[in-house]
>>> print(open('coords04.cif').read())   # mmCIF, C-alpha atoms
data_model
loop_
_atom_site.label_atom_id
_atom_site.label_comp_id
_atom_site.auth_asym_id
_atom_site.auth_seq_id
_atom_site.Cartn_x
_atom_site.Cartn_y
_atom_site.Cartn_z
CA MET W 21 197.86 125.75 -24.94
CA LEU W 22 195.04 124.09 -26.90
CA LYS W 23 195.05 120.35 -27.26
CA ARG W 24 194.96 119.63 -30.97
CA VAL W 25 192.04 117.38 -31.91
CA GLU W 26 192.80 114.72 -34.49
CA TYR W 27 190.98 111.68 -35.77
CA PRO W 28 190.92 108.80 -33.29
CA GLY W 29 193.83 106.32 -33.49
CA PRO W 30 192.27 103.70 -35.77
CA ILE W 31 191.40 106.34 -38.39
CA SER W 32 194.83 108.01 -38.24
CA GLU W 33 196.46 104.61 -38.59
CA LEU W 34 194.21 103.80 -41.57
CA VAL W 35 195.12 107.12 -43.21
CA ALA W 36 198.84 106.33 -42.68
CA GLN W 37 198.42 102.88 -44.22
CA LEU W 38 196.45 104.17 -47.22
CA ARG W 39 199.09 106.85 -47.83
CA ARG W 40 201.65 104.13 -48.47
CA MET W 41 199.76 103.07 -51.60
CA PRO W 42 201.16 104.46 -54.87
CA GLY W 43 199.48 107.63 -56.12
CA ILE W 44 197.64 108.23 -52.84
CA GLY W 45 198.50 111.55 -51.17
CA PRO W 46 197.48 112.73 -47.72
CA ARG W 47 194.18 114.23 -48.92
CA SER W 48 193.10 111.16 -50.90
CA ALA W 49 194.06 108.90 -47.99
CA GLU W 50 191.94 110.95 -45.58
CA ARG W 51 189.05 111.03 -48.04
CA ILE W 52 189.12 107.26 -48.52
CA ALA W 53 189.46 106.55 -44.78
CA LEU W 54 186.48 108.77 -43.96
CA TRP W 55 184.48 107.26 -46.82
CA MET W 56 185.16 103.80 -45.38
CA ASN W 57 183.90 104.93 -41.99
CA GLN W 58 180.96 107.00 -43.15
CA SER W 59 179.52 105.71 -46.37
CA ARG W 60 176.75 103.15 -46.12
CA ASP W 61 177.97 101.28 -49.17
CA ALA W 62 181.71 101.37 -48.37
CA ARG W 63 181.67 97.81 -46.96
CA PRO W 64 185.29 98.02 -45.72
CA GLY W 65 185.20 94.34 -44.73
CA GLU W 66 184.91 93.36 -48.39
CA ILE W 67 187.87 95.54 -49.33
CA ALA W 68 190.03 94.12 -46.54
CA ARG W 69 188.99 90.60 -47.51
CA ALA W 70 189.94 91.22 -51.16
CA ILE W 71 193.37 92.53 -50.11
CA LEU W 72 194.05 89.46 -47.98
CA ALA W 73 192.72 87.05 -50.61
CA ALA W 74 195.01 88.54 -53.25
CA ALA W 75 198.00 88.58 -50.88
CA GLU W 76 197.47 84.95 -49.91
CA GLY W 77 196.11 83.49 -53.13
CA ILE W 78 198.55 84.89 -55.68
CA GLN W 79 202.09 83.65 -56.35
CA PRO W 80 204.51 84.23 -59.21
CA CYS W 81 204.38 81.54 -61.91
CA VAL W 82 207.47 79.35 -61.43
CA ARG W 83 208.10 79.42 -65.17
CA CYS W 84 207.51 83.00 -66.36
CA GLY W 85 206.87 85.01 -63.20
CA PHE W 86 203.34 86.17 -64.14
CA PHE W 87 200.68 86.38 -61.40
CA SER W 88 199.14 83.00 -60.77
CA THR W 89 196.80 81.18 -58.41
CA GLY W 90 198.76 77.94 -58.89
CA PRO W 91 202.43 77.06 -59.50
CA VAL W 92 202.10 77.56 -63.30
CA CYS W 93 200.13 80.50 -64.72
CA GLU W 94 197.32 80.63 -67.26
CA ILE W 95 199.65 81.73 -70.04
CA CYS W 96 202.27 79.00 -69.52
CA SER W 97 199.48 76.38 -69.21
CA ASP W 98 197.92 77.36 -72.54
CA THR W 99 199.09 74.67 -74.97
CA SER W 100 197.70 76.58 -77.96
CA ARG W 101 200.41 79.21 -77.58
CA ASN W 102 203.63 79.25 -79.58
CA GLY W 103 206.31 77.89 -77.25
CA MET W 104 209.05 78.69 -79.76
CA LEU W 105 208.66 82.39 -79.14
CA LEU W 106 209.77 83.93 -75.83
CA CYS W 107 209.27 87.54 -74.83
CA VAL W 108 211.51 88.83 -72.02
CA VAL W 109 210.07 91.66 -69.90
CA GLU W 110 211.28 93.46 -66.80
CA GLN W 111 208.27 92.98 -64.58
CA ALA W 112 205.31 90.62 -64.41
CA THR W 113 203.14 93.72 -64.76
CA ASP W 114 204.56 94.28 -68.27
CA ILE W 115 202.96 91.05 -69.53
CA LEU W 116 199.31 92.07 -69.60
CA PRO W 117 199.89 95.27 -71.62
CA LEU W 118 201.61 93.11 -74.27
CA GLU W 119 198.79 90.55 -74.14
CA ARG W 120 196.21 93.27 -74.66
CA THR W 121 197.74 94.16 -78.02
CA GLY W 122 196.38 90.80 -79.19
CA VAL W 123 199.29 90.35 -81.63
CA TYR W 124 201.61 88.16 -79.56
CA ARG W 125 200.94 84.46 -78.96
CA GLY W 126 204.23 83.24 -77.56
CA LEU W 127 205.35 82.84 -73.96
CA TYR W 128 206.91 85.30 -71.52
CA HIS W 129 209.75 85.57 -69.04
CA ALA W 130 209.71 88.28 -66.39
CA LEU W 131 213.16 89.18 -65.05
CA GLY W 132 211.87 90.85 -61.89
CA GLY W 133 213.63 94.13 -62.71
CA ARG W 134 216.55 95.40 -64.73
CA ILE W 135 220.27 95.71 -64.15
CA ALA W 136 220.74 98.93 -62.20
CA PRO W 137 224.15 99.23 -60.49
CA LEU W 138 223.15 102.50 -58.79
CA ASP W 139 220.27 100.66 -57.06
CA HIS W 140 222.54 97.68 -56.32
CA VAL W 141 220.65 95.44 -58.74
CA GLY W 142 223.10 93.16 -60.56
CA PRO W 143 222.35 90.27 -62.95
CA GLU W 144 222.34 87.81 -60.05
CA GLU W 145 219.35 89.63 -58.50
CA LEU W 146 217.27 88.99 -61.62
CA ARG W 147 215.81 85.80 -63.11
CA ILE W 148 218.55 85.64 -65.75
CA ASP W 149 219.92 82.21 -64.82
CA GLU W 150 216.38 80.87 -65.07
CA LEU W 151 216.07 82.47 -68.51
CA LEU W 152 219.28 80.86 -69.76
CA GLN W 153 218.27 77.45 -68.41
CA ARG W 154 214.84 77.88 -69.94
CA VAL W 155 216.09 78.55 -73.45
CA ASP W 156 218.46 75.57 -73.14
CA VAL W 157 215.55 73.27 -72.31
CA GLU W 158 212.75 74.82 -74.38
CA LYS W 159 214.96 75.66 -77.38
CA GLN W 160 213.05 78.72 -78.58
CA GLU W 161 213.43 79.98 -82.14
CA GLU W 162 213.35 83.62 -81.16
CA VAL W 163 213.72 85.64 -77.98
CA ILE W 164 212.16 89.11 -78.06
CA LEU W 165 213.60 91.60 -75.58
CA ALA W 166 210.77 93.91 -74.54
CA LEU W 167 212.59 96.01 -71.96
CA GLY W 168 212.24 99.69 -71.12
CA ALA W 169 213.58 102.30 -73.53
CA ASP W 170 215.71 103.96 -70.84
CA VAL W 171 219.41 103.62 -70.03
CA GLU W 172 218.98 100.69 -67.65
CA GLY W 173 216.55 98.87 -69.93
CA GLU W 174 219.02 99.28 -72.80
CA ALA W 175 221.94 98.05 -70.71
CA THR W 176 219.98 95.00 -69.58
CA ALA W 177 218.92 94.27 -73.16
CA ASN W 178 222.54 94.52 -74.36
CA TYR W 179 223.69 92.20 -71.59
CA LEU W 180 221.01 89.61 -72.38
CA ALA W 181 221.42 89.89 -76.15
CA GLU W 182 225.07 88.92 -75.84
CA LEU W 183 224.39 85.91 -73.57
CA LEU W 184 221.51 84.67 -75.75
CA ALA W 185 223.35 85.21 -79.02
CA GLU W 186 226.21 83.05 -77.71
CA LYS W 187 223.69 80.21 -77.58
CA GLY W 188 222.91 80.73 -81.25
CA LEU W 189 219.43 82.10 -80.56
CA ARG W 190 217.71 84.68 -82.74
CA VAL W 191 217.40 87.75 -80.49
CA THR W 192 215.22 90.74 -81.43
CA ARG W 193 214.21 93.91 -79.62
CA ILE W 194 210.92 95.76 -79.74
CA ALA W 195 211.09 98.94 -81.82
CA GLN W 196 211.64 102.42 -80.46
CA GLY W 197 210.12 105.35 -82.28
CA LEU W 198 207.15 107.71 -82.36
CA PRO W 199 204.31 106.67 -80.04
CA ALA W 200 200.96 106.14 -81.82
CA GLY W 201 199.13 109.45 -82.26
CA GLY W 202 202.28 111.40 -81.43
CA GLY W 203 203.33 114.20 -83.76
CA LEU W 204 206.95 114.93 -84.56
CA GLU W 205 206.74 118.28 -82.80
CA SER W 206 206.04 116.62 -79.44
CA ALA W 207 208.77 113.95 -79.72
CA ASP W 208 212.11 114.51 -78.01
CA GLU W 209 215.40 114.30 -79.89
CA LEU W 210 216.33 110.84 -78.63
CA THR W 211 212.97 109.38 -79.68
CA LEU W 212 213.30 110.99 -83.11
CA SER W 213 216.86 109.81 -83.62
CA ARG W 214 215.79 106.27 -82.70
CA ALA W 215 212.75 106.49 -84.97
CA LEU W 216 215.10 107.52 -87.80
CA ALA W 217 217.59 104.76 -87.02
CA GLY W 218 214.77 102.19 -86.94
CA ARG W 219 213.19 103.23 -90.25
CA ARG W 220 212.13 100.45 -92.57
CA MET G 11 189.48 82.85 -81.33
CA LEU G 12 192.16 83.82 -78.80
CA LYS G 13 191.42 83.36 -75.14
CA ARG G 14 191.88 86.73 -73.52
CA VAL G 15 194.37 86.61 -70.65
CA GLU G 16 193.46 88.64 -67.61
CA TYR G 17 194.80 88.87 -64.09
CA PRO G 18 193.87 85.86 -61.93
CA GLY G 19 190.58 86.11 -60.01
CA PRO G 20 191.90 87.40 -56.67
CA ILE G 21 193.69 90.32 -58.38
CA SER G 22 190.68 91.22 -60.57
CA GLU G 23 188.47 91.15 -57.49
CA LEU G 24 190.94 93.36 -55.60
CA VAL G 25 191.00 95.84 -58.51
CA ALA G 26 187.17 95.89 -58.48
CA GLN G 27 187.11 96.54 -54.73
CA LEU G 28 189.75 99.28 -54.90
CA ARG G 29 187.84 101.00 -57.72
CA ARG G 30 184.90 101.51 -55.37
CA MET G 31 187.02 103.89 -53.26
CA PRO G 32 186.46 107.59 -53.96
CA GLY G 33 188.92 109.13 -56.42
CA ILE G 34 190.31 105.77 -57.54
CA GLY G 35 189.88 105.08 -61.26
CA PRO G 36 190.58 101.82 -63.11
CA ARG G 37 194.26 102.63 -63.71
CA SER G 38 194.98 103.63 -60.11
CA ALA G 39 193.15 100.56 -58.84
CA GLU G 40 195.23 98.28 -61.05
CA ARG G 41 198.42 100.07 -60.06
CA ILE G 42 197.66 99.71 -56.34
CA ALA G 43 196.61 96.06 -56.68
CA LEU G 44 199.82 95.17 -58.51
CA TRP G 45 201.89 97.15 -56.04
CA MET G 46 200.30 95.18 -53.19
CA ASN G 47 201.24 91.93 -54.92
CA GLN G 48 204.68 92.91 -56.15
CA SER G 49 206.30 95.41 -53.87
CA ARG G 50 208.41 94.06 -51.06
CA ASP G 51 207.33 96.80 -48.71
CA ALA G 52 203.62 96.80 -49.57
CA ARG G 53 202.71 94.67 -46.53
CA PRO G 54 199.06 94.25 -47.61
CA GLY G 55 198.23 92.48 -44.34
CA GLU G 56 198.89 95.71 -42.45
CA ILE G 57 196.63 97.68 -44.76
CA ALA G 58 193.82 95.12 -44.43
CA ARG G 59 194.25 95.09 -40.66
CA ALA G 60 194.05 98.90 -40.48
CA ILE G 61 190.83 98.88 -42.54
CA LEU G 62 189.22 96.31 -40.26
CA ALA G 63 190.44 98.02 -37.07
CA ALA G 64 188.93 101.34 -38.19
CA ALA G 65 185.69 99.68 -39.30
CA GLU G 66 185.29 97.87 -35.99
CA GLY G 67 186.84 100.35 -33.58
CA ILE G 68 185.18 103.59 -34.63
CA GLN G 69 181.63 104.71 -33.79
CA PRO G 70 179.88 108.08 -34.00
CA CYS G 71 179.94 110.04 -30.74
CA VAL G 72 176.44 109.76 -29.22
CA ARG G 73 176.47 113.47 -28.47
CA CYS G 74 177.95 115.25 -31.51
CA GLY G 75 178.42 112.54 -34.12
CA PHE G 76 182.21 112.93 -34.47
CA PHE G 77 184.36 109.82 -34.95
CA SER G 78 185.07 108.17 -31.63
CA THR G 79 186.59 105.04 -30.14
CA GLY G 80 184.16 105.21 -27.20
CA PRO G 81 180.56 106.37 -26.76
CA VAL G 82 181.59 110.03 -26.25
CA CYS G 83 184.30 111.61 -28.41
CA GLU G 84 187.48 113.46 -27.49
CA ILE G 85 185.91 116.86 -28.19
CA CYS G 86 182.76 116.31 -26.11
CA SER G 87 184.86 114.86 -23.26
CA ASP G 88 187.15 117.92 -23.13
CA THR G 89 185.90 119.92 -20.14
CA SER G 90 188.13 122.88 -21.04
CA ARG G 91 185.96 123.65 -24.06
CA ASN G 92 183.22 126.26 -24.08
CA GLY G 93 179.97 124.31 -23.75
CA MET G 94 177.90 127.47 -24.30
CA LEU G 95 178.89 127.56 -27.96
CA LEU G 96 177.55 124.96 -30.39
CA CYS G 97 178.57 124.68 -34.02
CA VAL G 98 176.19 122.74 -36.28
CA VAL G 99 177.76 121.02 -39.31
CA GLU G 100 176.40 118.71 -41.97
CA GLN G 101 178.86 115.85 -41.61
CA ALA G 102 181.23 114.55 -38.94
CA THR G 103 183.97 115.11 -41.51
CA ASP G 104 183.30 118.87 -41.38
CA ILE G 105 184.42 119.05 -37.74
CA LEU G 106 188.16 118.57 -38.15
CA PRO G 107 188.57 121.30 -40.82
CA LEU G 108 186.95 123.72 -38.35
CA GLU G 109 189.14 122.45 -35.51
CA ARG G 110 192.24 122.99 -37.60
CA THR G 111 191.52 126.70 -37.85
CA GLY G 112 192.38 126.82 -34.14
CA VAL G 113 189.89 129.66 -33.54
CA TYR G 114 186.87 127.71 -32.30
CA ARG G 115 186.72 126.22 -28.81
CA GLY G 116 183.03 125.32 -28.48
CA LEU G 117 181.27 122.01 -29.14
CA TYR G 118 179.84 120.55 -32.34
CA HIS G 119 176.74 118.84 -33.62
CA ALA G 120 176.85 116.89 -36.89
CA LEU G 121 173.47 116.51 -38.58
CA GLY G 122 174.50 113.60 -40.76
CA GLY G 123 173.57 115.44 -43.95
CA ARG G 124 171.34 118.27 -45.11
CA ILE G 125 167.71 118.56 -46.11
CA ALA G 126 167.55 117.49 -49.76
CA PRO G 127 164.04 116.64 -50.95
CA LEU G 128 165.33 115.48 -54.35
CA ASP G 129 167.45 112.84 -52.59
CA HIS G 130 164.56 111.99 -50.24
CA VAL G 131 166.38 113.42 -47.23
CA GLY G 132 163.89 115.18 -44.96
CA PRO G 133 164.45 116.70 -41.51
CA GLU G 134 163.49 113.40 -39.84
CA GLU G 135 166.47 111.67 -41.54
CA LEU G 136 168.87 114.08 -39.84
CA ARG G 137 169.92 114.50 -36.23
CA ILE G 138 167.71 117.57 -35.81
CA ASP G 139 165.54 116.25 -32.96
CA GLU G 140 168.76 115.45 -31.09
CA LEU G 141 169.95 119.00 -31.74
CA LEU G 142 166.76 120.54 -30.37
CA GLN G 143 166.84 118.31 -27.27
CA ARG G 144 170.50 119.13 -26.81
CA VAL G 145 170.03 122.89 -26.76
CA ASP G 146 167.10 122.46 -24.33
CA VAL G 147 169.31 120.55 -21.91
CA GLU G 148 172.66 122.27 -22.46
CA LYS G 149 171.22 125.79 -22.85
CA GLN G 150 173.85 127.18 -25.21
CA GLU G 151 174.33 130.91 -25.60
CA GLU G 152 174.95 130.73 -29.32
CA VAL G 153 174.44 128.23 -32.09
CA ILE G 154 176.65 128.71 -35.16
CA LEU G 155 175.31 127.18 -38.37
CA ALA G 156 178.31 126.07 -40.43
CA LEU G 157 176.51 124.45 -43.33
CA GLY G 158 177.42 124.36 -47.02
CA ALA G 159 177.05 127.49 -49.14
CA ASP G 160 174.85 125.71 -51.71
CA VAL G 161 171.06 125.64 -52.11
CA GLU G 162 170.51 122.68 -49.83
CA GLY G 163 172.89 123.95 -47.17
CA GLU G 164 171.09 127.30 -47.21
CA ALA G 165 167.66 125.66 -47.00
CA THR G 166 168.78 123.52 -44.06
CA ALA G 167 170.28 126.55 -42.33
CA ASN G 168 167.03 128.52 -42.80
CA TYR G 169 164.99 125.64 -41.43
CA LEU G 170 167.22 125.26 -38.36
CA ALA G 171 167.52 129.01 -37.76
CA GLU G 172 163.76 129.28 -37.43
CA LEU G 173 163.45 126.34 -35.01
CA LEU G 174 166.35 127.53 -32.87
CA ALA G 175 165.25 131.17 -32.85
CA GLU G 176 161.83 130.06 -31.50
CA LYS G 177 163.71 128.78 -28.45
CA GLY G 178 165.17 132.24 -27.93
CA LEU G 179 168.69 131.14 -28.89
CA ARG G 180 171.21 133.39 -30.57
CA VAL G 181 171.73 131.85 -34.02
CA THR G 182 174.57 132.90 -36.34
CA ARG G 183 175.86 131.65 -39.68
CA ILE G 184 179.43 131.46 -40.95
CA ALA G 185 180.21 134.14 -43.50
CA GLN G 186 180.15 133.71 -47.25
CA GLY G 187 182.49 135.72 -49.43
CA LEU G 188 185.82 135.67 -51.20
CA PRO G 189 187.99 132.66 -50.36
CA ALA G 190 191.41 133.54 -48.91
CA GLY G 191 193.87 134.27 -51.70
CA GLY G 192 191.08 134.52 -54.25
CA GLY G 193 191.03 137.55 -56.52
CA LEU G 194 187.80 139.24 -57.60
CA GLU G 195 188.34 138.21 -61.19
CA SER G 196 188.13 134.51 -60.31
CA ALA G 197 185.03 134.79 -58.09
CA ASP G 198 181.61 133.95 -59.55
CA GLU G 199 178.73 136.44 -59.37
CA LEU G 200 176.93 134.71 -56.51
CA THR G 201 180.07 134.69 -54.34
CA LEU G 202 180.66 138.38 -55.11
CA SER G 203 177.06 139.36 -54.39
CA ARG G 204 177.26 137.52 -51.05
CA ALA G 205 180.63 139.09 -50.28
CA LEU G 206 179.04 142.49 -50.93
CA ALA G 207 175.96 141.69 -48.83
CA GLY G 208 178.17 140.47 -45.97
CA ARG G 209 180.46 143.53 -45.94
CA ARG G 210 181.34 144.96 -42.57
#
>>> encode(input="coords04.cif", output="structure tokens")
Amino acid sequence: MLKRVEYPGPISELVAQLRRMPGIGPRSAERIALWMNQSRDARPGEIARAILAAAEGIQPCVRCGFFSTGPVCEICSDTSRNGMLLCVVEQATDILPLERTGVYRGLYHALGGRIAPLDHVGPEELRIDELLQRVDVEKQEEVILALGADVEGEATANYLAELLAEKGLRVTRIAQGLPAGGGLESADELTLSRALAGRR
Amino acid sequence: MLKRVEYPGPISELVAQLRRMPGIGPRSAERIALWMNQSRDARPGEIARAILAAAEGIQPCVRCGFFSTGPVCEICSDTSRNGMLLCVVEQATDILPLERTGVYRGLYHALGGRIAPLDHVGPEELRIDELLQRVDVEKQEEVILALGADVEGEATANYLAELLAEKGLRVTRIAQGLPAGGGLESADELTLSRALAGRR
């Protein structure tokens, strides 16, 4: 019986850790681990340092939930923004894509997820209480719900729309329809029916 | 003029560091960085620790160049292997793929690259002197050249074959031909001509 040779422990452990990262399969993990150990310009210490610095130096903004180095993030601290406009998103990671459009200058509120009973995520798991308190204090003119266009995103948006409308707030939702550059032939039926319903 | 919002410094720096890894583009790097900062089970400290442990705990085997936690690697320390058979590879990373075939039970010697004048890699940059000294001392019966099937691999193999043959050693090369599962219609002309030349 041959003894099977494998990479020494520290490399196997590194491969296992890298595999946990999203989008990294066993082959990529092995390739990266070997690159770290073989390439002259890999400088693994710098990578490890950057991971630790981000893990230790970043916290969610207490107000909107965006990534921040201090208690309040860059967006919430920017007094030139329109505080009367609030955009509700599922995750903090949804904020930057909206920012990059360059067309929105209000504030944000990240819920930290969406209502998903099958995954045991109810309203109390999300930052919904904080949202309701926030609109009471900040008295926004409009709340834009920018949630996912799937069943759970829709359900969460419906739930929030009702609560916010009770407070007399103007509640809008981002449009659903054809993606830019997309032809009708590549759109599914649900997208098309929503594009039709949302015509203007 | 709007101030462009970006991720806070530690996250941007982490994205930049992750992008240096092979096969990781800007989108994957951002996705991984955000996962590290958002996911409950990311445990970035463990990943950083594994990177540092591999960087500090792994050294090339003084004999063959394979990854090792001590001066001499697991393969070279295994007295049940056939020391009369030596397989020369370009990189330490080429050793495990050969091991995984399960058909080779000799020892290895990683050159650390191949002769590539255009990249300023001459024979003196590689572990060729060590190879020649090794065969003098260990007196192998056969040296198998398992180098790449490209121009530089061929040139390196020719160079080594001459030096080793002068010492009266039996020198062989791994075969070139159709890859397993490959049909003739998908093979290029060079592969086919080599498969023809290597018929047996």
>>> interface_residues(input="coords04.cif", of="chain W", to="chain G", cutoff="7 Å", atoms="only C-alpha atoms", output="compact mmCIF listing (two decimals) with C-alpha atoms, in the coordinates of the input")
# COMPACT_ATOMS: atom_id res chain seq x y z
CA VAL W 25 192.04 117.38 -31.91
CA TYR W 27 190.98 111.68 -35.77
CA PRO W 28 190.92 108.80 -33.29
CA PRO W 30 192.27 103.70 -35.77
CA ILE W 31 191.40 106.34 -38.39
CA GLU W 33 196.46 104.61 -38.59
CA LEU W 34 194.21 103.80 -41.57
CA GLN W 37 198.42 102.88 -44.22
CA LEU W 38 196.45 104.17 -47.22
CA MET W 41 199.76 103.07 -51.60
CA PRO W 42 201.16 104.46 -54.87
CA ILE W 52 189.12 107.26 -48.52
CA ASN W 57 183.90 104.93 -41.99
CA PRO W 64 185.29 98.02 -45.72
CA GLY W 65 185.20 94.34 -44.73
CA ILE W 67 187.87 95.54 -49.33
CA ALA W 68 190.03 94.12 -46.54
CA ALA W 70 189.94 91.22 -51.16
CA ILE W 71 193.37 92.53 -50.11
CA LEU W 72 194.05 89.46 -47.98
CA ALA W 73 192.72 87.05 -50.61
CA ALA W 74 195.01 88.54 -53.25
CA ALA W 75 198.00 88.58 -50.88
CA GLY W 77 196.11 83.49 -53.13
CA PHE W 87 200.68 86.38 -61.40
CA SER W 88 199.14 83.00 -60.77
CA THR W 89 196.80 81.18 -58.41
CA GLU W 119 198.79 90.55 -74.14
>>> resolve_selection(input="coords04.cif", expression="the PyMOL selection byres ((chain W and resi 158) around 12)", output="list in words")
Arg83, Asn102, Gly103, Met104, Leu105, Leu106, Leu127, Glu150, Leu151, Leu152, Gln153, Arg154, Val155, Asp156, Val157, Lys159, Gln160, Glu161, Glu162, Val163 and Leu189 of chain W
>>> atom_distance(input="coords04.cif", atom1="atom CA of Ile154 of chain G", atom2="atom CA of Val113 of chain G")
13.4 Å
>>> residues_around(input="coords04.cif", residues="Leu108 of chain G", least_positions_apart="6", cutoff="10 Å", atoms="only C-alpha atoms", output="PyMOL selection string")
chain G and resi 97+99+114-115+118+156
>>> resolve_selection(input="coords04.cif", expression="the PyMOL selection byres ((chain W and resi 178) around 12)", output="ChimeraX atom specification")
/W:134-135,165-169,171-177,179-185,191-193
>>> write_last_selection(input="coords04.cif", atoms="C-alpha atoms", output="compact mmCIF listing (two decimals), in the coordinates of the input")
# COMPACT_ATOMS: atom_id res chain seq x y z
CA ARG W 134 216.55 95.40 -64.73
CA ILE W 135 220.27 95.71 -64.15
CA LEU W 165 213.60 91.60 -75.58
CA ALA W 166 210.77 93.91 -74.54
CA LEU W 167 212.59 96.01 -71.96
CA GLY W 168 212.24 99.69 -71.12
CA ALA W 169 213.58 102.30 -73.53
CA VAL W 171 219.41 103.62 -70.03
CA GLU W 172 218.98 100.69 -67.65
CA GLY W 173 216.55 98.87 -69.93
CA GLU W 174 219.02 99.28 -72.80
CA ALA W 175 221.94 98.05 -70.71
CA THR W 176 219.98 95.00 -69.58
CA ALA W 177 218.92 94.27 -73.16
CA TYR W 179 223.69 92.20 -71.59
CA LEU W 180 221.01 89.61 -72.38
CA ALA W 181 221.42 89.89 -76.15
CA GLU W 182 225.07 88.92 -75.84
CA LEU W 183 224.39 85.91 -73.57
CA LEU W 184 221.51 84.67 -75.75
CA ALA W 185 223.35 85.21 -79.02
CA VAL W 191 217.40 87.75 -80.49
CA THR W 192 215.22 90.74 -81.43
CA ARG W 193 214.21 93.91 -79.62
>>> resolve_selection(input="coords04.cif", expression="the PyMOL selection byres ((chain W and resi 196-207) around 10)", output="PyMOL selection string")
chain W and resi 168-169+193-195+208-219
>>> write_last_selection(input="coords04.cif", atoms="C-alpha atoms", output="tab-separated table (two decimals), in the frame of the given file")
chain	number	residue	atom	x	y	z
W	168	GLY	CA	212.24	99.69	-71.12
W	169	ALA	CA	213.58	102.30	-73.53
W	193	ARG	CA	214.21	93.91	-79.62
W	194	ILE	CA	210.92	95.76	-79.74
W	195	ALA	CA	211.09	98.94	-81.82
W	208	ASP	CA	212.11	114.51	-78.01
W	209	GLU	CA	215.40	114.30	-79.89
W	210	LEU	CA	216.33	110.84	-78.63
W	211	THR	CA	212.97	109.38	-79.68
W	212	LEU	CA	213.30	110.99	-83.11
W	213	SER	CA	216.86	109.81	-83.62
W	214	ARG	CA	215.79	106.27	-82.70
W	215	ALA	CA	212.75	106.49	-84.97
W	216	LEU	CA	215.10	107.52	-87.80
W	217	ALA	CA	217.59	104.76	-87.02
W	218	GLY	CA	214.77	102.19	-86.94
W	219	ARG	CA	213.19	103.23	-90.25
>>> atom_distance(input="coords04.cif", atom1="atom CA of Leu128 of chain G", atom2="atom CA of Gly75 of chain G")
24.3 Å
>>> atom_distance(input="coords04.cif", atom1="atom CA of Asp104 of chain G", atom2="atom CA of Pro46 of chain W")
16.7 Å
>>> residues_near_point(input="coords04.cif", point="(182.8, 111.3, -26.4)", cutoff="6 Å", atoms="all atoms listed in the file", output="list in words")
Cys71, Pro81, Val82, Cys83, Glu84, Cys86 and Ser87 of chain G
>>> closest_residue(input="coords04.cif", among="W:His129, W:His140, W:Lys187, W:Arg220", to="Val82 of chain W", atoms="all atoms listed in the file")
W:His129
>>> closest_residue(input="coords04.cif", among="W:Gly133, W:Gly126, W:Thr121, W:Cys84", to="Ser49 of chain G", atoms="only C-alpha atoms")
W:Gly133
